[in-house]
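Structure below is run.txt: compact mmCIF, C-alpha atoms.
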```txt
# COMPACT_ATOMS: atom_id res chain seq x y z
CA MET A 1 -11.10 27.04 -0.27
CA TRP A 2 -11.19 23.76 -2.18
CA CYS A 3 -7.79 22.54 -0.95
CA HIS A 4 -9.04 22.67 2.68
CA ARG A 5 -12.09 20.71 1.60
CA LEU A 6 -9.91 18.15 -0.16
CA SER A 7 -7.74 17.63 2.93
CA TYR A 8 -10.90 17.16 5.00
CA LEU A 9 -12.27 14.65 2.48
CA GLN A 10 -9.08 12.61 2.54
CA SER A 11 -9.32 12.31 6.31
CA LYS A 12 -12.97 11.28 5.99
CA LEU A 13 -12.03 8.72 3.33
CA GLN A 14 -9.59 7.18 5.78
CA ASP A 15 -12.34 7.00 8.42
CA LEU A 16 -14.66 5.32 5.92
CA LEU A 17 -12.37 2.33 5.46
CA LYS A 18 -14.76 0.37 7.68
CA GLY A 19 -18.32 -0.91 7.28
CA GLY A 20 -20.54 -2.99 4.99
CA VAL A 21 -20.42 -3.90 1.32
CA LEU A 22 -22.15 -2.16 -1.52
CA CYS A 23 -22.50 -3.46 -5.06
CA TRP A 24 -21.79 -1.51 -8.22
CA ALA A 25 -24.90 -0.43 -10.10
CA VAL A 26 -25.03 1.13 -13.55
CA GLN A 27 -27.96 3.35 -14.38
CA GLN A 28 -29.63 2.57 -17.67
CA PRO A 29 -29.86 5.60 -19.98
CA ASN A 30 -33.20 6.98 -21.13
CA PHE A 31 -32.94 6.25 -24.82
CA LYS A 32 -36.14 8.03 -25.79
CA ARG A 33 -34.76 11.21 -24.29
CA LEU A 34 -31.38 10.70 -25.96
CA PHE A 35 -32.84 10.15 -29.43
CA PRO A 36 -36.10 12.13 -29.72
CA LEU A 37 -35.86 12.61 -33.51
CA ALA A 38 -35.64 8.97 -34.62
CA ILE A 39 -38.06 8.30 -37.49
CA ARG A 40 -38.52 5.86 -40.41
CA TRP A 41 -36.75 2.96 -38.74
CA HIS A 42 -35.85 -0.20 -40.68
CA HIS A 43 -37.11 -3.17 -38.64
CA THR A 44 -36.15 -6.85 -38.73
CA THR A 45 -37.04 -9.93 -36.69
CA SER A 46 -35.79 -13.50 -36.00
CA LYS A 47 -32.06 -13.76 -35.37
CA ALA A 48 -31.62 -10.00 -35.46
CA GLN A 49 -33.73 -9.78 -32.28
CA ASN A 50 -35.92 -6.97 -33.57
CA CYS A 51 -33.02 -4.91 -34.83
CA ALA A 52 -33.97 -1.48 -36.09
CA TRP A 53 -31.76 1.10 -37.77
CA GLN A 54 -31.93 4.48 -39.42
CA GLN A 55 -29.56 6.33 -41.74
CA HIS A 56 -29.14 10.00 -40.76
CA GLU A 57 -27.30 12.68 -42.66
CA ASP A 58 -24.15 12.52 -40.49
CA HIS A 59 -24.50 9.31 -38.47
CA PHE A 60 -25.99 5.82 -38.32
CA GLU A 61 -28.47 4.99 -35.56
CA LEU A 62 -28.95 1.39 -34.43
CA GLN A 63 -31.38 -0.16 -31.98
CA TYR A 64 -30.42 -3.68 -30.96
CA ALA A 65 -30.18 -5.80 -27.78
CA ASN A 66 -32.16 -3.20 -25.79
CA THR A 67 -29.57 -0.54 -26.66
CA VAL A 68 -29.85 2.50 -28.90
CA MET A 69 -26.47 3.41 -30.42
CA ARG A 70 -25.14 6.19 -32.60
CA PHE A 71 -22.15 5.71 -34.93
CA ASP A 72 -20.48 8.43 -36.97
CA TYR A 73 -19.82 7.35 -40.56
CA VAL A 74 -16.12 8.20 -40.26
CA TRP A 75 -15.92 5.86 -37.27
CA LEU A 76 -17.64 3.05 -39.19
CA ARG A 77 -15.28 3.41 -42.15
CA ASP A 78 -12.19 3.77 -39.97
CA HIS A 79 -12.95 0.62 -37.94
CA CYS A 80 -13.53 -1.60 -40.96
CA ARG A 81 -12.28 -5.16 -40.33
CA SER A 82 -11.82 -6.18 -43.95
CA ALA A 83 -8.53 -7.76 -45.04
CA SER A 84 -7.35 -4.53 -46.66
CA CYS A 85 -8.09 -2.42 -43.57
CA TYR A 86 -7.23 -4.69 -40.64
CA ASN A 87 -4.48 -7.26 -40.02
CA THR A 88 -6.04 -10.16 -38.13
CA LYS A 89 -2.62 -11.69 -37.34
CA THR A 90 -1.30 -8.62 -35.53
CA HIS A 91 -4.73 -7.25 -34.51
CA GLN A 92 -3.68 -3.86 -35.85
CA ARG A 93 -5.22 -1.48 -38.37
CA SER A 94 -3.85 -1.16 -41.90
CA LEU A 95 -6.12 1.71 -42.96
CA ASP A 96 -4.71 5.23 -42.68
CA THR A 97 -7.33 7.19 -40.74
CA ALA A 98 -6.21 10.44 -42.37
CA SER A 99 -7.23 9.03 -45.75
CA VAL A 100 -10.90 8.78 -44.73
CA ASP A 101 -13.08 11.65 -45.98
CA LEU A 102 -14.55 13.41 -42.94
CA CYS A 103 -17.81 13.86 -44.83
CA ILE A 104 -18.03 10.24 -45.94
CA LYS A 105 -21.47 8.58 -46.11
CA PRO A 106 -22.36 5.03 -47.19
CA LYS A 107 -24.11 4.60 -50.55
CA THR A 108 -26.14 1.66 -49.27
CA ILE A 109 -26.77 -0.18 -45.98
CA ARG A 110 -28.26 -3.64 -45.71
CA LEU A 111 -28.76 -6.23 -42.99
CA ASP A 112 -28.26 -9.96 -43.52
CA GLU A 113 -29.31 -11.95 -40.44
CA THR A 114 -27.04 -10.39 -37.77
CA THR A 115 -24.52 -8.68 -40.06
CA LEU A 116 -24.68 -5.11 -41.33
CA PHE A 117 -23.10 -4.26 -44.69
CA PHE A 118 -22.01 -0.71 -45.53
CA THR A 119 -21.09 0.06 -49.14
CA TRP A 120 -18.99 3.23 -49.43
CA PRO A 121 -18.75 5.66 -52.40
CA ASP A 122 -15.56 3.99 -53.71
CA GLY A 123 -17.27 0.56 -53.72
CA HIS A 124 -15.50 -0.75 -50.59
CA VAL A 125 -17.76 -2.89 -48.38
CA THR A 126 -17.54 -2.91 -44.59
CA ARG A 127 -19.33 -5.58 -42.58
CA TYR A 128 -20.13 -5.49 -38.87
CA ASP A 129 -21.67 -8.12 -36.63
CA LEU A 130 -24.44 -6.59 -34.52
CA ASP A 131 -22.99 -7.94 -31.27
CA TRP A 132 -19.60 -6.41 -32.13
CA LEU A 133 -21.22 -3.01 -32.58
CA VAL A 134 -23.00 -3.28 -29.22
CA LYS A 135 -19.77 -4.29 -27.50
CA ASN A 136 -17.75 -1.45 -29.00
CA SER A 137 -20.32 1.33 -29.02
CA TYR A 138 -20.09 4.24 -26.60
CA GLU A 139 -23.54 3.40 -25.28
CA GLY A 140 -22.53 -0.23 -24.73
CA GLN A 141 -19.35 0.79 -22.93
CA LYS A 142 -21.34 3.04 -20.58
CA GLN A 143 -23.31 0.02 -19.42
CA LYS A 144 -20.32 -2.30 -19.14
CA VAL A 145 -18.33 -2.90 -15.95
CA ILE A 146 -14.67 -3.42 -16.83
CA GLN A 147 -13.76 -5.36 -13.68
CA PRO A 148 -16.53 -6.86 -11.51
CA ARG A 149 -15.61 -6.72 -7.82
CA ILE A 150 -16.88 -7.86 -4.45
CA LEU A 151 -16.53 -4.99 -2.00
CA TRP A 152 -15.75 -5.97 1.58
CA ASN A 153 -14.84 -5.06 5.11
CA ALA A 154 -13.43 -7.38 7.80
CA GLU A 155 -16.78 -8.96 8.64
CA ILE A 156 -17.79 -9.55 5.02
CA TYR A 157 -14.42 -10.99 4.04
CA GLN A 158 -14.35 -13.35 7.01
CA GLN A 159 -17.89 -14.56 6.30
CA ALA A 160 -16.98 -15.18 2.66
CA GLN A 161 -14.29 -17.65 3.78
CA VAL A 162 -12.25 -17.06 0.64
CA PRO A 163 -9.93 -20.08 0.32
CA SER A 164 -6.18 -19.78 -0.08
CA VAL A 165 -4.30 -21.75 -2.75
CA ASP A 166 -1.52 -24.24 -2.11
CA PHE A 167 1.83 -23.25 -3.63
CA GLN A 168 2.33 -26.46 -5.61
CA SER A 169 -1.20 -26.34 -7.00
CA PHE A 170 -0.75 -22.69 -7.91
CA LEU A 171 2.58 -23.31 -9.62
CA GLU A 172 1.86 -26.59 -11.41
CA THR A 173 -1.85 -26.67 -12.30
CA ASN A 174 -4.14 -24.37 -14.25
CA LYS A 175 -6.90 -25.16 -11.75
CA GLY A 176 -4.83 -23.75 -8.90
CA LEU A 177 -3.89 -20.67 -10.91
CA LYS A 178 -7.51 -20.10 -11.93
CA LYS A 179 -8.69 -20.37 -8.34
CA PHE A 180 -6.10 -17.82 -7.25
CA LEU A 181 -6.91 -15.37 -10.07
CA GLN A 182 -10.66 -15.58 -9.44
CA ASN A 183 -10.19 -14.62 -5.79
CA PHE A 184 -7.62 -12.04 -6.72
CA LEU A 185 -9.73 -10.19 -9.29
CA LEU A 186 -12.95 -10.29 -7.27
CA TYR A 187 -11.57 -9.27 -3.87
CA GLY A 188 -8.33 -7.48 -4.81
CA ILE A 189 -6.27 -9.75 -2.52
CA ALA A 190 -5.40 -13.44 -2.58
CA PHE A 191 -3.28 -15.80 -0.50
CA VAL A 192 -0.89 -18.61 -1.44
CA GLU A 193 0.08 -21.06 1.33
CA ASN A 194 3.19 -23.21 1.91
CA VAL A 195 5.62 -21.15 -0.15
CA PRO A 196 9.23 -22.02 0.74
CA PRO A 197 10.93 -18.93 2.28
CA THR A 198 13.49 -18.39 -0.49
CA GLN A 199 14.03 -15.76 -3.15
CA ASP A 200 13.82 -18.32 -5.96
CA HIS A 201 10.40 -19.62 -4.91
CA THR A 202 9.08 -16.10 -4.40
CA GLU A 203 10.22 -15.13 -7.88
CA LYS A 204 8.68 -18.25 -9.44
CA LEU A 205 5.36 -17.37 -7.89
CA ALA A 206 5.54 -13.75 -9.06
CA LYS A 207 6.40 -14.78 -12.62
CA ARG A 208 3.43 -17.16 -12.64
CA ILE A 209 1.23 -14.06 -12.40
CA SER A 210 3.02 -11.59 -14.66
CA LEU A 211 6.31 -9.94 -15.54
CA ILE A 212 8.24 -8.31 -12.69
CA ARG A 213 8.76 -4.59 -13.04
CA GLU A 214 12.10 -2.86 -12.55
CA THR A 215 11.98 -0.06 -9.94
CA ILE A 216 14.35 2.18 -7.96
CA TYR A 217 14.45 -0.63 -5.39
CA GLY A 218 15.19 -3.31 -7.97
CA ARG A 219 12.89 -6.04 -9.24
CA MET A 220 12.68 -7.91 -5.93
CA TRP A 221 13.98 -6.66 -2.62
CA TYR A 222 14.15 -7.22 1.13
CA PHE A 223 13.03 -4.67 3.63
CA THR A 224 13.26 -4.63 7.40
CA SER A 225 13.50 -1.99 10.13
CA ASP A 226 17.15 -1.00 9.53
CA PHE A 227 16.57 2.36 7.75
CA SER A 228 18.74 1.21 4.86
CA ARG A 229 16.42 3.20 2.57
CA GLY A 230 14.79 6.56 3.11
CA ASP A 231 11.28 5.24 3.67
CA THR A 232 9.03 4.75 6.70
CA ALA A 233 8.67 1.08 5.74
CA TYR A 234 12.30 0.61 6.79
CA THR A 235 11.62 1.85 10.33
CA LYS A 236 9.77 0.49 13.35
CA LEU A 237 7.03 3.08 12.95
CA ALA A 238 3.51 1.83 12.26
CA LEU A 239 2.16 2.34 8.74
CA ASP A 240 -1.42 3.51 8.46
CA ARG A 241 -3.76 2.67 5.59
CA HIS A 242 -2.22 3.63 2.26
CA THR A 243 -1.44 2.54 -1.28
CA ASP A 244 2.18 2.11 -2.35
CA THR A 245 4.22 3.83 -5.08
CA THR A 246 1.88 6.84 -5.28
CA TYR A 247 4.97 8.81 -6.37
CA PHE A 248 5.29 6.72 -9.56
CA GLN A 249 3.62 8.21 -12.61
CA GLU A 250 2.22 4.70 -13.09
CA PRO A 251 1.76 3.15 -9.62
CA CYS A 252 2.33 -0.58 -9.31
CA GLY A 253 -0.51 -2.75 -10.52
CA VAL A 254 0.13 -5.87 -8.42
CA GLN A 255 2.22 -6.27 -5.29
CA VAL A 256 3.50 -9.55 -3.89
CA PHE A 257 4.50 -9.73 -0.20
CA HIS A 258 6.33 -12.73 1.28
CA CYS A 259 7.30 -12.80 4.95
CA LEU A 260 10.51 -14.85 5.01
CA LYS A 261 11.29 -14.60 8.71
CA HIS A 262 9.67 -13.15 11.80
CA GLU A 263 11.32 -12.74 15.17
CA GLY A 264 9.92 -10.91 18.18
CA THR A 265 6.59 -9.09 18.28
CA GLY A 266 4.76 -6.67 16.03
CA GLY A 267 4.56 -6.63 12.26
CA ARG A 268 0.78 -6.97 11.97
CA THR A 269 -0.61 -6.56 8.45
CA LEU A 270 -3.64 -4.29 7.96
CA LEU A 271 -5.72 -5.03 4.87
CA VAL A 272 -8.37 -2.58 3.67
CA ASP A 273 -10.71 -2.53 0.67
CA GLY A 274 -10.30 1.03 -0.57
CA PHE A 275 -12.89 0.42 -3.29
CA TYR A 276 -15.48 -0.21 -0.58
CA ALA A 277 -14.57 3.09 1.11
CA ALA A 278 -14.78 4.93 -2.20
CA GLU A 279 -18.23 3.46 -2.84
CA GLN A 280 -19.33 4.74 0.56
CA VAL A 281 -18.21 8.23 -0.47
CA LEU A 282 -20.01 7.93 -3.82
CA GLN A 283 -23.28 6.88 -2.19
CA LYS A 284 -23.22 9.33 0.72
CA ALA A 285 -21.44 12.34 -0.80
CA PRO A 286 -21.29 12.18 -4.62
CA GLU A 287 -19.99 15.75 -4.89
CA GLU A 288 -17.02 14.85 -2.72
CA PHE A 289 -16.40 11.73 -4.82
CA GLU A 290 -16.33 13.95 -7.89
CA LEU A 291 -13.81 16.25 -6.24
CA LEU A 292 -11.54 13.39 -5.18
CA SER A 293 -11.66 11.97 -8.70
CA LYS A 294 -10.84 15.23 -10.52
CA VAL A 295 -8.32 17.18 -8.44
CA PRO A 296 -4.75 15.97 -9.17
CA LEU A 297 -2.32 15.84 -6.24
CA LYS A 298 1.44 15.52 -6.16
CA HIS A 299 2.96 12.58 -4.28
CA GLU A 300 6.69 12.83 -3.63
CA TYR A 301 9.52 10.51 -2.59
CA ILE A 302 12.83 12.07 -1.55
CA GLU A 303 15.67 9.74 -0.57
CA ASN A 304 19.21 10.57 0.45
CA VAL A 305 20.45 7.57 2.41
CA GLY A 306 23.85 6.04 1.78
CA GLU A 307 24.30 5.63 -1.95
CA CYS A 308 20.57 5.94 -2.66
CA HIS A 309 19.63 9.36 -4.03
CA ASN A 310 16.15 9.52 -5.55
CA HIS A 311 13.56 12.21 -6.05
CA MET A 312 10.32 11.05 -7.64
CA ILE A 313 6.99 12.82 -8.14
CA GLY A 314 3.75 11.21 -9.23
CA VAL A 315 0.67 13.26 -10.09
CA GLY A 316 -2.92 12.05 -9.97
CA PRO A 317 -6.22 12.31 -8.09
CA VAL A 318 -7.00 10.20 -5.06
CA LEU A 319 -9.71 8.32 -6.99
CA ASN A 320 -9.14 7.42 -10.66
CA VAL A 321 -12.22 6.52 -12.70
CA TYR A 322 -12.91 5.59 -16.31
CA PRO A 323 -14.50 8.69 -17.88
CA TRP A 324 -17.12 6.79 -19.90
CA ASN A 325 -18.76 4.81 -17.06
CA LYS A 326 -17.31 6.38 -13.88
CA GLU A 327 -15.95 3.01 -12.74
CA LEU A 328 -13.15 3.28 -10.19
CA TYR A 329 -9.94 1.50 -11.20
CA LEU A 330 -7.15 3.02 -9.08
CA ILE A 331 -6.72 4.66 -5.68
CA ARG A 332 -3.69 6.85 -5.05
CA PHE A 333 -3.74 7.45 -1.29
CA SER A 334 -0.75 7.94 1.00
CA LYS A 335 -0.73 10.80 3.49
CA GLU A 336 2.98 10.16 4.14
CA LYS A 337 3.91 10.71 0.49
CA GLN A 338 1.43 13.45 -0.32
CA ASN A 339 3.08 16.74 -1.27
CA VAL A 340 1.89 20.25 -0.42
CA VAL A 341 -1.72 20.87 -1.50
CA ASN A 342 -1.74 24.31 -3.10
CA SER A 343 -3.90 26.37 -5.42
CA GLN A 344 -1.85 25.76 -8.55
CA TRP A 345 -3.75 22.53 -9.14
CA SER A 346 -7.15 24.21 -9.34
CA SER A 347 -6.50 25.21 -12.96
CA SER A 348 -6.13 21.52 -13.85
CA LEU A 349 -9.45 20.53 -12.34
CA GLN A 350 -11.36 20.32 -15.62
CA SER A 351 -8.57 19.24 -17.98
CA TYR A 352 -6.78 16.47 -16.12
CA ILE A 353 -6.91 12.97 -17.63
CA PRO A 354 -5.55 10.31 -15.22
CA GLU A 355 -3.32 7.40 -16.19
CA ARG A 356 -4.94 3.98 -16.22
CA THR A 357 -3.78 1.14 -14.08
CA LEU A 358 -5.11 -1.33 -11.56
CA THR A 359 -3.93 -1.78 -8.00
CA TYR A 360 -4.22 -5.08 -6.15
CA CYS A 361 -2.33 -6.91 -3.41
CA CYS A 362 -1.32 -10.55 -3.23
CA PHE A 363 0.01 -12.17 -0.07
CA ILE A 364 1.99 -15.39 0.13
CA SER A 365 3.04 -17.28 3.21
CA GLY A 366 5.97 -19.49 4.04
CA THR A 367 7.59 -20.04 7.44
CA SER A 368 6.84 -16.64 8.61
CA SER A 369 11.66 -9.24 10.91
CA GLU A 370 12.38 -9.54 7.22
CA HIS A 371 10.12 -9.35 4.18
CA ARG A 372 10.53 -9.78 0.47
CA GLU A 373 8.49 -7.69 -1.92
CA SER A 374 8.14 -7.56 -5.69
CA LEU A 375 6.14 -5.27 -7.95
CA ILE A 376 4.35 -6.55 -11.00
```

As structure tokens, please, write out the structure in this file.
Amino acid sequence: MWCHRLSYLQSKLQDLLKGGVLCWAVQQPNFKRLFPLAIRWHHTTSKAQNCAWQQHEDHFELQYANTVMRFDYVWLRDHCRSASCYNTKTHQRSLDTASVDLCIKPKTIRLDETTLFFTWPDGHVTRYDLDWLVKNSYEGQKQKVIQPRILWNAEIYQQAQVPSVDFQSFLETNKGLKKFLQNFLLYGIAFVENVPPTQDHTEKLAKRISLIRETIYGRMWYFTSDFSRGDTAYTKLALDRHTDTTYFQEPCGVQVFHCLKHEGTGGRTLLVDGFYAAEQVLQKAPEEFELLSKVPLKHEYIENVGECHNHMIGVGPVLNVYPWNKELYLIRFSKEKQNVVNSQWSSSLQSYIPERTLTYCCFISGTSSEHRESLI
């Protein structure tokens, strides 16, 4: 039964959160196989870099920058960037898509240097830069990585010697902010040193990155082992590898942790690159990766402590990927918050479309048991 297999895979995924780094690789499509009927191409040279194109009955075919692309005529008319169709100040469309004839075809097509001109039956002219078409084509998107990453384990991260950023430099200079963001986006974690252990300084740092989201805990909050909230994080129990807020329909994108005070022993922080573990699964067991990326699971948070009464359910697969290039962008993994795995989800296997968000962690240090956390 697939639910038993899924439970087994989740335990194996947890075991795989160790090991070496693997780089993302995108397989180039076989264009000759994709377009076997291409004939009577229009060829150009010089700045157009040997651009070739062909007008079919129901679509336009373009070969440029080592990419063969197909564009439906409705798409080309609908995405027109002329002044009457697109507002460049708001970056929003003005053309009503419903007004475009589904059988529309251009009367003429011509190429001037690196710009294509489409003249439509009503005389309207649409122009497209060749590079813009490559960037926004389906074929171009399949080859494009949305967020380049460096995958790591403990050994790789230590050898990389990723530098932390000083609080004042981070707060007051673009150079410091850029350094932080580069580390943050490549590795998924980043550190800021010498942050004063106060709420105001923590909030200033968080706002330097983005807006702070409102949650059931507030915008910023303390937590310590006093069981003031109905969550394992408020106890002295150890927390295994997990991602937070899996029970949100849109899990947090960035988390900021600031240890304000530490007394006694314990409180070690375990950092894991889940994207590395997922890549291990993809390379060694692609069928299991497919299963973990398609089967939606319920994650649940039930709280009845004091005046706090919350019941939240978030639904999504363990691994969330972009459908056009299979790039992983979100991991929703928390065995503590995972609800009952039952057969009702099997009917959603083929139809589920996951929400899109990114998950990263950022750690800041001050005088270093109480913590302050904010979600961004």

Residues near A:His79, anyone? I mean within 9 Å using only C-alpha atoms, not counting same-chain ones fewer than 3 positions away, as a PDB file with C-alpha atoms, in the frame of the given file.
```pdb
ATOM      1  CA  VAL A  74     -16.120   8.200 -40.260  1.00  0.00           C
ATOM      2  CA  TRP A  75     -15.920   5.860 -37.270  1.00  0.00           C
ATOM      3  CA  LEU A  76     -17.640   3.050 -39.190  1.00  0.00           C
ATOM      4  CA  CYS A  85      -8.090  -2.420 -43.570  1.00  0.00           C
ATOM      5  CA  TYR A  86      -7.230  -4.690 -40.640  1.00  0.00           C
ATOM      6  CA  ARG A  93      -5.220  -1.480 -38.370  1.00  0.00           C
ATOM      7  CA  LEU A  95      -6.120   1.710 -42.960  1.00  0.00           C
ATOM      8  CA  THR A 126     -17.540  -2.910 -44.590  1.00  0.00           C
TER       9      THR A 126
END
```

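Going from atom CA of A:Gly140 over to atom CA of A:Asn66, you cover 10.1 Å.
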
Practice item. For A:Phe248, work out the shell of residues within 8 Å, counting only C-alpha atoms and skipping chain neighbours fewer than 4 positions away, then give it as a ChimeraX atom specification. Key: /A:252,312-314

**Study point:** Selected residue of minimal separation from A:Ser334 among A:Val281, A:Leu239, A:Ile146, A:Leu292, counting only C-alpha atoms
**Key:** A:Leu239

Practice item. Kindly give the distance, in Å, that separates atom CA of A:Lys207 and atom CA of A:Val256, rounded to a single decimal. Key: 10.6 Å

Check your understanding: atom CA of A:Leu205 to atom CA of A:Gln182: how many Å, to one decimal?
Key ->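 Going from atom CA of A:Leu205 over to atom CA of A:Gln182, I get 16.2 Å.
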